[in-house]
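**Student:** Here you go, final19.json (JSON, C-alpha atoms):
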[["chain", "number", "residue", "atom", "x", "y", "z"],
["A", 415, "MET", "CA", -31.65, 51.00, 11.53],
["A", 416, "LYS", "CA", -31.55, 47.54, 10.00],
["A", 417, "LYS", "CA", -31.29, 44.62, 12.38],
["A", 418, "PRO", "CA", -28.15, 42.54, 11.96],
["A", 419, "ILE", "CA", -28.81, 39.15, 10.36],
["A", 420, "HIS", "CA", -26.68, 36.09, 11.06],
["A", 421, "ILE", "CA", -27.31, 32.68, 9.54],
["A", 422, "TYR", "CA", -25.64, 29.43, 10.54],
["A", 423, "GLY", "CA", -25.87, 26.35, 8.34],
["A", 424, "LEU", "CA", -24.13, 23.23, 7.14],
["A", 425, "SER", "CA", -22.52, 22.82, 3.74],
["A", 426, "THR", "CA", -24.48, 19.55, 3.32],
["A", 427, "CYS", "CA", -27.90, 20.98, 4.25],
["A", 428, "PRO", "CA", -30.33, 21.84, 1.42],
["A", 429, "TRP", "CA", -32.57, 23.91, 3.74],
["A", 430, "CYS", "CA", -29.58, 26.05, 4.64],
["A", 431, "ARG", "CA", -28.98, 26.73, 0.94],
["A", 432, "LYS", "CA", -32.62, 27.65, 0.47],
["A", 433, "THR", "CA", -32.44, 29.96, 3.47],
["A", 434, "LYS", "CA", -29.34, 31.64, 2.12],
["A", 435, "ALA", "CA", -30.96, 32.06, -1.30],
["A", 436, "LEU", "CA", -34.09, 33.56, 0.25],
["A", 437, "PHE", "CA", -32.13, 36.14, 2.24],
["A", 438, "THR", "CA", -29.93, 36.93, -0.75],
["A", 439, "LYS", "CA", -33.05, 37.55, -2.82],
["A", 440, "SER", "CA", -34.44, 39.86, -0.13],
["A", 441, "GLY", "CA", -31.46, 42.16, -0.59],
["A", 442, "ALA", "CA", -30.97, 42.46, 3.17],
["A", 443, "PRO", "CA", -27.33, 42.25, 4.22],
["A", 444, "PHE", "CA", -26.49, 39.16, 6.28],
["A", 445, "ASP", "CA", -23.58, 37.00, 7.19],
["A", 446, "TYR", "CA", -23.60, 33.27, 6.71],
["A", 447, "VAL", "CA", -21.37, 30.59, 8.31],
["A", 448, "ASP", "CA", -21.31, 26.87, 7.57],
["A", 449, "TYR", "CA", -20.76, 25.19, 10.96],
["A", 450, "ASP", "CA", -19.01, 22.17, 9.44],
["A", 451, "LEU", "CA", -16.51, 24.35, 7.58],
["A", 452, "ALA", "CA", -15.83, 26.74, 10.48],
["A", 453, "ASP", "CA", -12.79, 26.64, 12.76],
["A", 454, "GLU", "CA", -13.09, 25.14, 16.23],
["A", 455, "PRO", "CA", -13.62, 28.36, 18.21],
["A", 456, "THR", "CA", -16.36, 29.41, 15.77],
["A", 457, "GLN", "CA", -17.99, 25.97, 16.01],
["A", 458, "ALA", "CA", -17.96, 26.18, 19.81],
["A", 459, "LYS", "CA", -19.56, 29.63, 19.68],
["A", 460, "ILE", "CA", -22.25, 28.48, 17.23],
["A", 461, "MET", "CA", -22.98, 25.36, 19.28],
["A", 462, "ALA", "CA", -23.34, 27.45, 22.44],
["A", 463, "GLU", "CA", -25.91, 29.59, 20.66],
["A", 464, "LEU", "CA", -27.82, 26.55, 19.39],
["A", 465, "ASP", "CA", -27.84, 24.99, 22.85],
["A", 466, "ALA", "CA", -29.03, 28.22, 24.44],
["A", 467, "ALA", "CA", -31.92, 28.31, 21.97],
["A", 468, "GLY", "CA", -32.71, 24.59, 22.38],
["A", 469, "ALA", "CA", -31.84, 23.88, 18.74],
["A", 470, "ASN", "CA", -30.19, 20.80, 17.35],
["A", 471, "GLY", "CA", -30.45, 21.46, 13.66],
["A", 472, "PHE", "CA", -29.74, 23.93, 10.91],
["A", 473, "PRO", "CA", -30.51, 26.42, 9.49],
["A", 474, "PHE", "CA", -30.30, 28.72, 12.50],
["A", 475, "VAL", "CA", -31.24, 32.30, 11.74],
["A", 476, "LYS", "CA", -30.87, 35.39, 13.92],
["A", 477, "VAL", "CA", -32.56, 38.63, 12.94],
["A", 478, "GLY", "CA", -31.76, 41.13, 15.65],
["A", 479, "ALA", "CA", -32.95, 39.46, 18.86],
["A", 480, "ASP", "CA", -35.26, 37.04, 17.03],
["A", 481, "ILE", "CA", -34.17, 33.47, 16.42],
["A", 482, "VAL", "CA", -35.67, 31.10, 13.87],
["A", 483, "ILE", "CA", -34.75, 27.42, 13.95],
["A", 484, "GLY", "CA", -35.30, 25.60, 10.68],
["A", 485, "TYR", "CA", -36.33, 26.72, 7.21],
["A", 486, "GLN", "CA", -39.43, 28.80, 7.86],
["A", 487, "PRO", "CA", -39.97, 31.10, 4.88],
["A", 488, "GLU", "CA", -43.05, 32.77, 6.35],
["A", 489, "ARG", "CA", -41.21, 33.66, 9.56],
["A", 490, "PHE", "CA", -38.28, 34.94, 7.52],
["A", 491, "ALA", "CA", -40.63, 37.16, 5.49],
["A", 492, "GLN", "CA", -42.18, 38.56, 8.66],
["A", 493, "LEU", "CA", -38.79, 39.36, 10.14],
["A", 494, "LEU", "CA", -37.57, 40.93, 6.91],
["A", 495, "ALA", "CA", -40.66, 43.13, 6.58],
["B", 1124, "MET", "CA", -36.84, -27.90, 14.37],
["B", 1125, "THR", "CA", -33.65, -28.47, 12.43],
["B", 1126, "TRP", "CA", -30.54, -28.09, 14.53],
["B", 1127, "THR", "CA", -27.11, -27.28, 13.15],
["B", 1128, "ASP", "CA", -23.95, -28.07, 15.09],
["B", 1129, "VAL", "CA", -21.98, -24.82, 15.32],
["B", 1130, "LEU", "CA", -19.45, -24.79, 18.17],
["B", 1131, "ASP", "CA", -17.72, -26.56, 21.02],
["B", 1132, "GLU", "CA", -19.73, -25.58, 24.08],
["B", 1133, "LYS", "CA", -16.58, -24.75, 26.03],
["B", 1134, "ALA", "CA", -15.49, -22.28, 23.34],
["B", 1135, "LEU", "CA", -18.26, -19.86, 24.34],
["B", 1136, "ALA", "CA", -17.21, -18.17, 27.55],
["B", 1137, "GLU", "CA", -19.50, -16.08, 29.71],
["B", 1138, "GLY", "CA", -20.01, -12.55, 28.33],
["B", 1139, "MET", "CA", -18.30, -13.32, 25.05],
["B", 1140, "LEU", "CA", -19.57, -12.82, 21.49],
["B", 1141, "GLN", "CA", -18.86, -15.46, 18.87],
["B", 1142, "VAL", "CA", -19.84, -15.47, 15.21],
["B", 1143, "VAL", "CA", -20.98, -18.77, 13.69],
["B", 1144, "TYR", "CA", -22.39, -19.64, 10.26],
["B", 1145, "PRO", "CA", -25.02, -22.39, 10.48],
["B", 1146, "LEU", "CA", -25.89, -23.28, 6.87],
["B", 1147, "GLY", "CA", -24.00, -20.14, 5.86],
["B", 1148, "VAL", "CA", -26.16, -17.75, 7.87],
["B", 1149, "ASN", "CA", -24.36, -15.08, 9.92],
["B", 1150, "VAL", "CA", -25.32, -15.64, 13.57],
["B", 1151, "VAL", "CA", -23.89, -14.20, 16.78],
["B", 1152, "LEU", "CA", -23.76, -16.36, 19.87],
["B", 1153, "ALA", "CA", -23.38, -15.04, 23.39],
["B", 1154, "ARG", "CA", -23.49, -16.56, 26.84],
["B", 1155, "VAL", "CA", -25.01, -14.45, 29.59],
["B", 1156, "ASP", "CA", -25.58, -15.81, 33.11],
["B", 1157, "GLY", "CA", -24.82, -19.23, 31.71],
["B", 1158, "ALA", "CA", -27.57, -19.15, 29.08],
["B", 1159, "VAL", "CA", -26.68, -19.21, 25.38],
["B", 1160, "HIS", "CA", -28.40, -16.72, 23.06],
["B", 1161, "ALA", "CA", -28.29, -16.53, 19.27],
["B", 1162, "VAL", "CA", -29.28, -13.54, 17.13],
["B", 1163, "ALA", "CA", -28.74, -12.42, 13.55],
["B", 1164, "GLY", "CA", -25.15, -11.28, 13.11],
["B", 1165, "ALA", "CA", -25.80, -8.23, 10.91],
["B", 1166, "CYS", "CA", -27.17, -5.03, 12.41],
["B", 1167, "VAL", "CA", -30.61, -4.06, 11.05],
["B", 1168, "HIS", "CA", -29.43, -0.49, 10.63],
["B", 1169, "LEU", "CA", -26.65, -0.83, 8.06],
["B", 1170, "GLY", "CA", -25.60, -4.45, 8.25],
["B", 1171, "CYS", "CA", -22.53, -4.02, 10.45],
["B", 1172, "PRO", "CA", -21.06, -7.21, 11.97],
["B", 1173, "LEU", "CA", -22.40, -7.47, 15.51],
["B", 1174, "PHE", "CA", -19.82, -9.97, 16.76],
["B", 1175, "ASN", "CA", -17.43, -7.00, 16.87],
["B", 1176, "GLY", "CA", -19.84, -5.19, 19.15],
["B", 1177, "THR", "CA", -19.89, -4.93, 22.91],
["B", 1178, "LEU", "CA", -21.96, -6.92, 25.35],
["B", 1179, "VAL", "CA", -23.04, -5.55, 28.73],
["B", 1180, "GLY", "CA", -25.53, -7.73, 30.51],
["B", 1181, "HIS", "CA", -28.04, -8.68, 27.82],
["B", 1182, "THR", "CA", -27.42, -5.52, 25.80],
["B", 1183, "LEU", "CA", -25.53, -5.98, 22.56],
["B", 1184, "THR", "CA", -24.24, -2.71, 21.07],
["B", 1185, "CYS", "CA", -23.32, -2.49, 17.40],
["B", 1186, "PRO", "CA", -19.71, -1.38, 16.85],
["B", 1187, "CYS", "CA", -20.58, 0.93, 13.96],
["B", 1188, "HIS", "CA", -23.29, 3.30, 15.18],
["B", 1189, "ASP", "CA", -24.08, 2.07, 18.69],
["B", 1190, "TRP", "CA", -27.53, 0.66, 17.98],
["B", 1191, "ARG", "CA", -28.41, -1.41, 21.06],
["B", 1192, "PHE", "CA", -30.32, -4.70, 21.13],
["B", 1193, "ASP", "CA", -31.62, -7.04, 23.81],
["B", 1194, "LEU", "CA", -30.05, -10.43, 23.15],
["B", 1195, "ARG", "CA", -33.02, -12.31, 24.58],
["B", 1196, "THR", "CA", -35.68, -10.79, 22.33],
["B", 1197, "GLY", "CA", -33.56, -9.26, 19.57],
["B", 1198, "ARG", "CA", -35.40, -6.02, 20.20],
["B", 1199, "PHE", "CA", -33.80, -2.69, 19.30],
["B", 1200, "LEU", "CA", -33.86, -0.73, 22.55],
["B", 1201, "ASP", "CA", -34.70, 2.65, 20.99],
["B", 1202, "ALA", "CA", -37.67, 1.48, 18.87],
["B", 1203, "PRO", "CA", -39.54, -1.74, 19.64],
["B", 1204, "GLU", "CA", -40.65, -2.12, 16.01],
["B", 1205, "LEU", "CA", -37.12, -3.00, 14.96],
["B", 1206, "GLY", "CA", -34.97, -5.90, 15.99],
["B", 1207, "LEU", "CA", -32.73, -8.82, 15.18],
["B", 1208, "GLN", "CA", -33.94, -12.28, 14.29],
["B", 1209, "VAL", "CA", -33.59, -14.56, 17.33],
["B", 1210, "TYR", "CA", -32.57, -18.18, 16.86],
["B", 1211, "GLY", "CA", -33.02, -21.22, 19.06],
["B", 1212, "THR", "CA", -29.98, -22.73, 20.75],
["B", 1213, "ARG", "CA", -29.31, -25.94, 22.63],
["B", 1214, "ALA", "CA", -26.34, -27.81, 24.05],
["B", 1215, "GLU", "CA", -25.83, -31.52, 23.61],
["B", 1216, "GLN", "CA", -22.83, -33.67, 24.40],
["B", 1217, "GLY", "CA", -20.53, -30.69, 24.69],
["B", 1218, "ARG", "CA", -21.62, -29.11, 21.40],
["B", 1219, "LEU", "CA", -23.77, -26.06, 20.73],
["B", 1220, "PHE", "CA", -26.55, -26.22, 18.14],
["B", 1221, "VAL", "CA", -28.49, -23.42, 16.47],
["B", 1222, "SER", "CA", -31.89, -23.70, 14.84],
["B", 1223, "LEU", "CA", -32.63, -21.27, 12.02],
["B", 1224, "ASP", "CA", -36.35, -21.99, 12.33],
["B", 1225, "SER", "CA", -38.42, -19.09, 13.56],
["B", 1226, "THR", "CA", -38.62, -19.03, 17.33],
["B", 1227, "GLY", "CA", -41.47, -16.60, 17.55],
["B", 1228, "GLY", "CA", -39.22, -14.35, 19.62],
["B", 1229, "THR", "CA", -38.55, -12.08, 16.72],
["B", 1230, "PRO", "CA", -39.94, -8.59, 16.51],
["C", 1185, "MET", "CA", -8.37, -1.65, -6.91],
["C", 1186, "SER", "CA", -10.30, 1.53, -7.50],
["C", 1187, "ALA", "CA", -12.91, 2.72, -5.04],
["C", 1188, "PRO", "CA", -16.49, 1.81, -5.95],
["C", 1189, "PRO", "CA", -18.54, 4.69, -7.29],
["C", 1190, "ALA", "CA", -20.33, 6.69, -4.63],
["C", 1191, "SER", "CA", -23.62, 6.02, -6.37],
["C", 1192, "SER", "CA", -23.43, 2.34, -5.40],
["C", 1193, "ARG", "CA", -23.07, 3.27, -1.73],
["C", 1194, "LYS", "CA", -26.04, 5.57, -2.17],
["C", 1195, "GLU", "CA", -28.10, 2.61, -3.33],
["C", 1196, "VAL", "CA", -26.98, 0.54, -0.34],
["C", 1197, "LEU", "CA", -28.04, 3.31, 2.04],
["C", 1198, "ARG", "CA", -31.36, 3.68, 0.22],
["C", 1199, "ALA", "CA", -32.10, -0.05, 0.52],
["C", 1200, "PHE", "CA", -31.20, -0.28, 4.23],
["C", 1201, "TYR", "CA", -33.08, 2.90, 5.13],
["C", 1202, "ALA", "CA", -36.24, 1.75, 3.39],
["C", 1203, "LYS", "CA", -36.32, -1.36, 5.58],
["C", 1204, "VAL", "CA", -35.57, 0.57, 8.77],
["C", 1205, "VAL", "CA", -38.01, 3.49, 8.45],
["C", 1206, "GLU", "CA", -41.08, 1.62, 7.25],
["C", 1207, "PRO", "CA", -41.79, -0.13, 10.60],
["C", 1208, "LEU", "CA", -41.23, 3.23, 12.30],
["C", 1209, "GLY", "CA", -44.07, 4.80, 10.32],
["C", 1210, "PHE", "CA", -42.02, 6.76, 7.80],
["C", 1211, "THR", "CA", -41.20, 6.57, 4.12],
["C", 1212, "PHE", "CA", -38.97, 8.44, 1.67],
["C", 1213, "THR", "CA", -40.26, 11.90, 0.84],
["C", 1214, "PRO", "CA", -42.03, 12.14, -2.53],
["C", 1215, "ASP", "CA", -39.62, 15.00, -3.32],
["C", 1216, "THR", "CA", -37.26, 12.75, -5.29],
["C", 1217, "GLU", "CA", -34.79, 15.52, -6.02],
["C", 1218, "LEU", "CA", -34.39, 16.07, -2.28],
["C", 1219, "VAL", "CA", -33.94, 12.33, -1.69],
["C", 1220, "GLU", "CA", -31.12, 12.14, -4.23],
["C", 1221, "PHE", "CA", -29.42, 15.25, -2.87],
["C", 1222, "LEU", "CA", -29.59, 14.16, 0.77],
["C", 1223, "LEU", "CA", -28.38, 10.61, 0.05],
["C", 1224, "GLU", "CA", -25.47, 12.07, -1.92],
["C", 1225, "GLN", "CA", -24.60, 14.32, 1.03],
["C", 1226, "GLU", "CA", -24.69, 11.31, 3.34],
["C", 1227, "VAL", "CA", -22.28, 9.44, 1.08],
["C", 1228, "VAL", "CA", -19.99, 12.50, 1.32],
["C", 1229, "LEU", "CA", -20.35, 12.55, 5.12],
["C", 1230, "GLU", "CA", -19.69, 8.83, 5.36],
["C", 1231, "GLY", "CA", -16.63, 9.28, 3.17],
["C", 1232, "LYS", "CA", -15.38, 11.99, 5.52],
["C", 1233, "HIS", "CA", -16.33, 10.60, 8.94],
["C", 1234, "GLY", "CA", -17.00, 6.91, 8.27],
["C", 1235, "VAL", "CA", -20.61, 7.46, 9.32],
["C", 1236, "PRO", "CA", -23.64, 8.65, 7.30],
["C", 1237, "PHE", "CA", -24.66, 11.47, 9.60],
["C", 1238, "CYS", "CA", -27.71, 13.69, 9.07],
["C", 1239, "PRO", "CA", -26.75, 16.42, 6.59],
["C", 1240, "CYS", "CA", -28.74, 19.00, 8.54],
["C", 1241, "GLN", "CA", -27.72, 18.44, 12.17],
["C", 1242, "PRO", "CA", -24.43, 19.38, 13.82],
["C", 1243, "LEU", "CA", -21.68, 17.03, 14.88],
["C", 1244, "ARG", "CA", -20.56, 17.81, 18.40],
["C", 1245, "GLY", "CA", -17.53, 15.58, 18.77],
["C", 1246, "ASP", "CA", -19.30, 13.63, 21.52],
["C", 1247, "ARG", "CA", -19.88, 10.05, 20.36],
["C", 1248, "GLU", "CA", -23.01, 9.46, 22.41],
["C", 1249, "LYS", "CA", -24.68, 12.57, 20.99],
["C", 1250, "ASP", "CA", -23.32, 12.18, 17.47],
["C", 1251, "MET", "CA", -24.61, 8.61, 17.16],
["C", 1252, "LYS", "CA", -28.11, 9.97, 17.68],
["C", 1253, "ILE", "CA", -27.91, 11.85, 14.39],
["C", 1254, "VAL", "CA", -26.85, 8.91, 12.22],
["C", 1255, "CYS", "CA", -29.38, 8.44, 9.44],
["C", 1256, "PRO", "CA", -32.10, 7.29, 9.90],
["C", 1257, "CYS", "CA", -32.13, 9.07, 13.26],
["C", 1258, "ILE", "CA", -35.90, 8.71, 13.71],
["C", 1259, "PRO", "CA", -35.66, 6.37, 16.75],
["C", 1260, "PHE", "CA", -33.84, 9.05, 18.74],
["C", 1261, "HIS", "CA", -36.11, 11.99, 17.87],
["C", 1262, "ARG", "CA", -39.38, 10.27, 17.38],
["C", 1263, "ALA", "CA", -41.85, 12.55, 19.16],
["C", 1264, "HIS", "CA", -40.41, 15.61, 17.46],
["C", 1265, "PHE", "CA", -40.41, 14.03, 14.00],
["C", 1266, "ASP", "CA", -43.89, 12.56, 14.41],
["C", 1267, "GLU", "CA", -45.12, 16.03, 15.33],
["C", 1268, "MET", "CA", -43.59, 17.47, 12.14],
["C", 1269, "LYS", "CA", -44.61, 14.40, 10.07],
["C", 1270, "ARG", "CA", -41.06, 14.49, 8.73],
["C", 1271, "CYS", "CA", -37.54, 14.03, 9.96],
["C", 1272, "TRP", "CA", -35.39, 17.10, 10.41],
["C", 1273, "CYS", "CA", -33.72, 17.03, 6.99],
["C", 1274, "GLY", "CA", -36.92, 15.91, 5.28],
["C", 1275, "LEU", "CA", -35.54, 12.69, 3.81],
["C", 1276, "PHE", "CA", -38.38, 10.79, 5.48],
["C", 1277, "VAL", "CA", -42.02, 11.75, 5.94],
["C", 1278, "HIS", "CA", -45.15, 10.07, 7.21],
["C", 1279, "PRO", "CA", -46.80, 7.90, 4.56],
["C", 1280, "GLY", "CA", -49.53, 9.80, 2.77],
["C", 1281, "VAL", "CA", -47.66, 13.11, 2.77],
["C", 1282, "THR", "CA", -47.94, 14.35, -0.81],
["C", 1283, "ASP", "CA", -46.82, 17.95, -0.34],
["C", 1284, "PRO", "CA", -43.67, 17.76, 1.80],
["C", 1285, "ASP", "CA", -42.92, 21.46, 1.30],
["C", 1286, "SER", "CA", -45.99, 22.21, 3.38],
["C", 1287, "LEU", "CA", -44.38, 20.54, 6.42],
["C", 1288, "PRO", "CA", -42.38, 23.14, 8.32],
["C", 1289, "GLN", "CA", -39.21, 22.46, 10.26],
["C", 1290, "LEU", "CA", -40.26, 23.10, 13.82],
["C", 1291, "PRO", "CA", -37.85, 23.61, 16.71],
["C", 1292, "PRO", "CA", -37.51, 20.56, 18.94],
["C", 1293, "PRO", "CA", -39.75, 20.47, 22.02],
["C", 1294, "VAL", "CA", -38.22, 22.35, 24.95],
["C", 1295, "THR", "CA", -37.96, 19.21, 27.05],
["C", 1296, "THR", "CA", -36.29, 16.45, 25.11],
["C", 1297, "PRO", "CA", -37.51, 12.98, 26.06]]
Here is the file; what I need is its structure written in the form of structure tokens.
**Tutor:**
Amino acid sequence: MKKPIHIYGLSTCPWCRKTKALFTKSGAPFDYVDYDLADEPTQAKIMAELDAAGANGFPFVKVGADIVIGYQPERFAQLLA
Amino acid sequence: MTWTDVLDEKALAEGMLQVVYPLGVNVVLARVDGAVHAVAGACVHLGCPLFNGTLVGHTLTCPCHDWRFDLRTGRFLDAPELGLQVYGTRAEQGRLFVSLDSTGGTP
Amino acid sequence: MSAPPASSRKEVLRAFYAKVVEPLGFTFTPDTELVEFLLEQEVVLEGKHGVPFCPCQPLRGDREKDMKIVCPCIPFHRAHFDEMKRCWCGLFVHPGVTDPDSLPQLPPPVTTP
């Protein structure tokens, strides 16, 4: 079974766009949310996840139980393999 | 040193910020514990007017983005490499004077 | 009076940032396309919030925290950025970096200073 993939980003963040493009290219299904465009409850939920992971920047990628903070194409490739 | 008359000494109350323009230069004056300090009036970050900032003790906080400076040295508190130009001040016959000459107290 | 073009504000930010980051041991990334894009995003953010926040870090609605991600935010994240040789969004890098794409975004250290 495929691991669920969730990506959080910002509409102003080029690395988030690159991340989204990379996952799109991989063909793996994922959902993507821009934190700055999300409603307040969603923002609070995303921020709680960032805080729990010790992150203060985007992109923030979850593949199953794995979390990647920042644009790390090699890590993404490993997790998609 | 060249001194420029800028303000009535009584006009600068303790803990207050006052903008003055000796020879057209934007300078902020402040009196803390009786002593008068003068620093550049534009924040080094994005040029915001510091006379609109807040003063707590010797710490001057920019109103725009909260960059904090030590009035005595001009030093930016979060990175010692950055700071405001510091100017000399003196009081004479009830008037305050500022010198735009380098005081050596500038980061 | 019409509003000045955003590009002029972009040039103001560029000029101020250059003076601020150089003493801190950083310079604009040689990736000029990235520089233009990020500065344009900051002009958008400043137009929206009144403040040129980092385009790649979240606003929390807490002034003390949010003011630590105003560009250039290097003074408030220095150890982390020095370790990466770049700031989080990559607008600034250490001088001498010629291949900025080789510098990964690393998570911040577990204990923030």
**Student:** Please identify every residue of chain B that has at least one atom no more than 9 Å from any atom of chain C, counting only C-alpha atoms, and report them as a list in words.
**Tutor:**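 That gives the following set of residues: Val1167, His1168, Leu1169, Gly1170, Cys1187, His1188, Asp1189, Trp1190, Asp1201, Ala1202, Glu1204 and Leu1205 of chain B.
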**Student:** Give me the residues near range 438-448 of chain A as a PDB file with C-alpha atoms, keeping the file's coordinate frame, where near means some atom within 6 Å (using all atoms listed in the file) and where sequence neighbours in that chain fewer than 5 positions away do not count.
**Tutor:**
ATOM      1  CA  ILE A 419     -28.810  39.150  10.360  1.00  0.00           C
ATOM      2  CA  HIS A 420     -26.680  36.090  11.060  1.00  0.00           C
ATOM      3  CA  ILE A 421     -27.310  32.680   9.540  1.00  0.00           C
ATOM      4  CA  TYR A 422     -25.640  29.430  10.540  1.00  0.00           C
ATOM      5  CA  GLY A 423     -25.870  26.350   8.340  1.00  0.00           C
ATOM      6  CA  LEU A 424     -24.130  23.230   7.140  1.00  0.00           C
ATOM      7  CA  SER A 425     -22.520  22.820   3.740  1.00  0.00           C
TER       8      SER A 425
END
**Student:** Quick one: which residues from chain C are at most 6 Å off chain A, using all atoms listed in the file, as a list of chain:residue names?
**Tutor:** C:Gln1225, C:Pro1239, C:Cys1240, C:Gln1241, C:Gln1289, C:Pro1291
**Student:** Based on the selection just made, write C-alpha atoms of those residues as a CSV table (one decimal), in the frame of the given file.
**Tutor:**
chain,number,residue,atom,x,y,z
C,1225,GLN,CA,-24.6,14.3,1.0
C,1239,PRO,CA,-26.8,16.4,6.6
C,1240,CYS,CA,-28.7,19.0,8.5
C,1241,GLN,CA,-27.7,18.4,12.2
C,1289,GLN,CA,-39.2,22.5,10.3
C,1291,PRO,CA,-37.8,23.6,16.7
**Student:** Do a neighbour search on Thr1177 in chain B at 10 Å with all atoms listed in the file, toss out local chain neighbours closer than 6 positions, and write the hits as a compact mmCIF listing (two decimals) with C-alpha atoms, in the coordinates of the input.
**Tutor:**
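Saved result, out.txt, follows:
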# COMPACT_ATOMS: atom_id res chain seq x y z
CA GLY B 1138 -20.01 -12.55 28.33
CA MET B 1139 -18.30 -13.32 25.05
CA LEU B 1140 -19.57 -12.82 21.49
CA LEU B 1183 -25.53 -5.98 22.56
CA THR B 1184 -24.24 -2.71 21.07
CA CYS B 1185 -23.32 -2.49 17.40
CA PRO B 1186 -19.71 -1.38 16.85
CA ASP B 1189 -24.08 2.07 18.69
CA ARG B 1191 -28.41 -1.41 21.06
**Student:** What does the distance between CA of Gly1217 in chain B and CA of Glu1132 in chain B come to in Å, to one decimal place?
**Tutor:** 5.2 Å
**Student:** Give me, please, the distance in Å between CA of Leu1290 in chain C and CA of Phe490 in chain A, quoted to one decimal.
**Tutor:**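 Those two atoms sit 13.6 Å apart.
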**Student:** As an exercise, work out the distance from CA of Glu1230 in chain C to CA of Arg1193 in chain C in Å and give it to one decimal place.
**Tutor:**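 About the pair CA of Glu1230 in chain C and CA of Arg1193 in chain C: they are 9.6 Å apart.
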**Student:** For a quick check of understanding, using all atoms listed in the file, which of B:Cys1166, B:Gly1180, B:Phe1192, B:Leu1223 has the smallest distance to Val1148 in chain B?
**Tutor:**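 Going through B:Cys1166, B:Gly1180, B:Phe1192, B:Leu1223 one by one, the smallest distance to Val1148 in chain B is for B:Leu1223.
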**Student:** Using all atoms listed in the file for the distances, tell me which of B:Val1150, B:Val1155, B:Leu1200, B:Leu1219 is nearest to Thr1127 in chain B.
**Tutor:**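 Residue with the minimum atom-to-atom distance to Thr1127 in chain B: B:Leu1219.
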